[in-house]
Amino acid sequence: MTGYWCEAAWLGDQVAERVLVEVAGDRIAAVHRGVSQPDGAVRLAGLTLPGLANGHSHAFHRALRGRTHGGHGPGGRTHGGRGTFWTWRELMYQVADGLDPDRYFALARAVYAEMALAGVSCVGEFHHLHHGPGGTRYADPNAMSHALLAAAAGAGIRITLLDTCYLAGGVGAELSGVQRRFGDGSAVSWAERVDALSGALPAGSPARLGVAVHSLRAVPLPDVDTVVAFAAARRLPLHVHLSEQPAENEACLAAYGCTPTAALADRGALGTDSTAVHATHLTSVDIALLGASGTAVCLCPTTERDLADGIGPAPELAAAGSPLTLGSDSHAVVDLFEEARAVELDERLRSGRRGHFGAPALLRAATADGHRSLGWPEAGRIEPGALADLVTVALDTPRTAGTDPAQAVFAATAADVRQVVVGGRQVVRDGAHLQVGDVGAALAAAVAAVAGR
Ligand SMILES: [Zn+2]
């Protein structure tokens, strides 16, 4: 039995003081409030939260950070001096083309270590870079998936590998260029490969499997049916990019005569095990379909800002019944506190009013609801029986000093995370990653290897 004694801890939806969390194996055995620090207990100074769930990640996009804002595409071609979503996508494909399993392992391990330093104890990796250059199969067709699983283990965090079906370059279009690396040829082939992977994840492992439809741009409707049936038969989380850009809605309306949300509803793809990522450009009918089905919505505000996607209707979705979750997606920023408060702050800009989401709702998105969306319903809470995942934020830094602990989510940043415990084991101590060491150096080397710097 290990004891962690918290100066303050987030229990339920509020702050409790002087809390002892007793851990047996990877679970919380008991929680005692208002007690003195016992001998032998590890002191966690500051505010201790449940581990944070990063609901949507493309690990390799981290190599684009700070490199896509000048509007230069591959080969130095300029795009009017300003980047767009589509020039960003060109650079993203260039990075994808430089990856093999070894480079992907090194990059993802560094990225997941950055996440750990930011308090992320569980990541949902939306993975579609399955195959080699030109679409050639590796000797193990799941080599890239194994690289990601090993990377999460190397960084000491949980992972839900959301194995993503990606078959088309647009509605009715063939895969081209780097996209060939994403494709399995058919949803049936995709399912066979994922089945082989699922056997490699033993029970009790810190890795779980989920599945994803990349988007209705990239998966024809009959193949969506195959993925939905696969997920339902195995009770796996199902994620899908939804209405991130207006162009996606226009393509769907032109091809199918309905919005992407309506098309997904029609295929049985919505429900409490499903998560729609972004859900930015929705009709009122779309919002009602998502909410009534209990489909979670993963908001990625810092990426949506970076790519000029827009601000999604978060209050309307929450009111309709959709649990909200958070993702750092392209990793322009890795800071779940920033993602959380952005849900409220961006809505203030959109509506001209304050007071849509308080700290309890924002932290629920970052913890319990985020974990549930990734297939970890037993994580994201500090209570007996839950997985022993704890994140401690210092309350004496230049950013957090003087703040009310109950409102720390509006002040803290990733840089204020001091301690991270995953499955009862300390992964970050005093702001240092115990397994990876110099995370900045690991990132610099891994990014240079794929981005040619
Ligand atoms: Zn995404």
# chains A, B, ... in the order shown; residues from 1 in each chain; ligands from 1

$ closest_atom_pairs --of "segment 133-180 of chain A" --to "segment 364-379 of chain A" --cutoff "10 Å" --atoms "only C-alpha atoms" --output "CSV"
residue,atom,partner,partner_atom,distance
A:Arg158,CA,A:Trp376,CA,9.6
A:Ile159,CA,A:Leu374,CA,8.6
A:Thr160,CA,A:Leu374,CA,6.1
A:Leu161,CA,A:Leu374,CA,8.9
A:Leu162,CA,A:Leu374,CA,8.6

$ residues_near_ligand --ligand "ligand 1" --cutoff "9 Å" --atoms "only C-alpha atoms and all ligand atoms" --output "ChimeraX atom specification"
/A:56-58,126,214,240-241,277-278,300,303,327-330

$ atom_distance --atom1 "atom CA of Cys298 of chain A" --atom2 "atom CA of Gly55 of chain A"
6.6 Å

$ closest_residue --among "A:Ala113, A:Ala139, A:Ala9, A:Ile382" --to "Val23 of chain A" --atoms "only C-alpha atoms"
A:Ile382

$ closest_residue --among "A:Ala150, A:Leu129, A:Met144, A:Ala8" --to "Asp97 of chain A" --atoms "only C-alpha atoms"
A:Leu129

$ closest_atom_pairs --of "segment 89-160 of chain A" --to "segment 39-51 of chain A" --cutoff "12 Å" --atoms "only C-alpha atoms" --output "CSV"
residue,atom,partner,partner_atom,distance
A:Met115,CA,A:Gly51,CA,11.2
A:Ala116,CA,A:Gly51,CA,9.6
A:Leu117,CA,A:Gly51,CA,11.5
A:Ala118,CA,A:Gly51,CA,10.2
A:Gly119,CA,A:Gly51,CA,6.5
A:Val120,CA,A:Gly51,CA,6.2
A:Ser121,CA,A:Gly51,CA,5.2
A:Cys122,CA,A:Gly51,CA,7.5
A:Val123,CA,A:Gly51,CA,10.7
A:Ile157,CA,A:Gly51,CA,9.9
A:Arg158,CA,A:Gly51,CA,10.2

$ residues_around --residues "Asp306 of chain A" --least-positions-apart "6" --cutoff "9 Å" --atoms "only C-alpha atoms" --output "list of chain:residue names"
A:His69, A:Phe85, A:Ala332

$ atom_distance --atom1 "atom CA of Asp102 of chain A" --atom2 "atom CA of Gly183 of chain A"
20.3 Å

$ closest_atom_pairs --of "segment 72-131 of chain A" --to "segment 432-450 of chain A" --cutoff "12 Å" --atoms "only C-alpha atoms" --output "Markdown table"
| residue | atom | partner | partner_atom | distance |
| --- | --- | --- | --- | --- |
| A:Leu91 | CA | A:Val450 | CA | 11.5 |
| A:Met92 | CA | A:Val450 | CA | 11.0 |
| A:Tyr93 | CA | A:Val450 | CA | 11.4 |
| A:Gln94 | CA | A:Val450 | CA | 8.9 |
| A:Val95 | CA | A:Val450 | CA | 6.1 |
| A:Ala96 | CA | A:Val450 | CA | 8.2 |
| A:Asp97 | CA | A:Val450 | CA | 8.5 |
| A:Gly98 | CA | A:Val450 | CA | 5.2 |
| A:Leu99 | CA | A:Val450 | CA | 6.4 |
| A:Asp100 | CA | A:Val450 | CA | 9.4 |
| A:Pro101 | CA | A:Val450 | CA | 11.8 |
| A:Asp102 | CA | A:Ala446 | CA | 10.2 |
| A:Arg103 | CA | A:Ala446 | CA | 7.0 |
| A:Tyr104 | CA | A:Ala446 | CA | 8.4 |
| A:Phe105 | CA | A:Ala446 | CA | 9.1 |
| A:Ala106 | CA | A:Ala446 | CA | 5.9 |
| A:Leu107 | CA | A:Ala446 | CA | 4.8 |
| A:Ala108 | CA | A:Ala446 | CA | 8.5 |
| A:Arg109 | CA | A:Val436 | CA | 8.4 |
| A:Ala110 | CA | A:Leu443 | CA | 5.2 |
| A:Val111 | CA | A:Leu443 | CA | 6.8 |
| A:Tyr112 | CA | A:Val439 | CA | 9.5 |
| A:Ala113 | CA | A:Val439 | CA | 6.5 |
| A:Glu114 | CA | A:Val439 | CA | 6.5 |
| A:Met115 | CA | A:Val439 | CA | 10.1 |
| A:Ala116 | CA | A:His433 | CA | 7.6 |
| A:Leu117 | CA | A:His433 | CA | 6.6 |
| A:Ala118 | CA | A:His433 | CA | 10.4 |
| A:Gly119 | CA | A:His433 | CA | 10.9 |

$ select_by_dssp --residues "segment 68-179 of chain A" --states "strand (DSSP E)" --output "number ranges by chain"
A: 120-127, 158-165

$ residues_around --residues "segment 168-180 of chain A" --least-positions-apart "3" --cutoff "12 Å" --atoms "only C-alpha atoms" --output "ChimeraX atom specification"
/A:89-99,128-137,165,183-187,213-221,223-224,247-256,260

$ select_by_dssp --residues "segment 165-315 of chain A" --states "alpha helix (DSSP H)" --output "ChimeraX atom specification"
/A:187-198,221-234,246-256,260-266,284-293,301-306,314-315

$ closest_residue --among "A:Val228, A:Leu317, A:Val21, A:Val421" --to "Val211 of chain A" --atoms "only C-alpha atoms"
A:Val228

$ atom_distance --atom1 "atom CA of His239 of chain A" --atom2 "atom CA of Arg193 of chain A"
17.8 Å

$ decode --residues "segment 11-22 of chain A" --atoms "N, CA, C and O atoms" --output "short mmCIF file (atom, residue, chain, number, x, y, z; two decimals), in the first residue's frame"
data_model
loop_
_atom_site.label_atom_id
_atom_site.label_comp_id
_atom_site.auth_asym_id
_atom_site.auth_seq_id
_atom_site.Cartn_x
_atom_site.Cartn_y
_atom_site.Cartn_z
N LEU A 11 -12.14 16.40 -5.35
CA LEU A 11 -12.97 15.22 -5.07
C LEU A 11 -14.39 15.53 -5.51
O LEU A 11 -15.00 16.49 -5.02
N GLY A 12 -14.90 14.71 -6.40
CA GLY A 12 -16.21 15.03 -6.97
C GLY A 12 -16.06 16.31 -7.78
O GLY A 12 -15.22 16.39 -8.65
N ASP A 13 -16.82 17.31 -7.42
CA ASP A 13 -16.76 18.57 -8.17
C ASP A 13 -16.26 19.72 -7.32
O ASP A 13 -16.59 20.87 -7.56
N GLN A 14 -15.46 19.37 -6.27
CA GLN A 14 -14.99 20.46 -5.42
C GLN A 14 -13.65 20.12 -4.77
O GLN A 14 -13.18 18.99 -4.86
N VAL A 15 -13.08 21.15 -4.14
CA VAL A 15 -11.77 21.00 -3.51
C VAL A 15 -11.94 20.52 -2.08
O VAL A 15 -12.77 21.05 -1.33
N ALA A 16 -11.18 19.50 -1.71
CA ALA A 16 -11.10 19.06 -0.31
C ALA A 16 -9.66 19.25 0.15
O ALA A 16 -8.73 19.16 -0.66
N GLU A 17 -9.48 19.52 1.44
CA GLU A 17 -8.13 19.78 1.95
C GLU A 17 -7.60 18.60 2.74
O GLU A 17 -8.36 17.82 3.30
N ARG A 18 -6.28 18.49 2.72
CA ARG A 18 -5.53 17.46 3.48
C ARG A 18 -6.15 16.08 3.25
O ARG A 18 -6.79 15.51 4.11
N VAL A 19 -5.91 15.58 2.05
CA VAL A 19 -6.54 14.32 1.61
C VAL A 19 -5.46 13.24 1.45
O VAL A 19 -4.44 13.46 0.79
N LEU A 20 -5.70 12.11 2.07
CA LEU A 20 -4.80 10.96 1.91
C LEU A 20 -5.43 9.98 0.91
O LEU A 20 -6.57 9.52 1.11
N VAL A 21 -4.70 9.69 -0.16
CA VAL A 21 -5.14 8.73 -1.17
C VAL A 21 -4.30 7.47 -0.99
O VAL A 21 -3.08 7.50 -1.18
N GLU A 22 -4.94 6.39 -0.59
CA GLU A 22 -4.22 5.12 -0.42
C GLU A 22 -4.37 4.30 -1.69
O GLU A 22 -5.46 4.17 -2.24
#
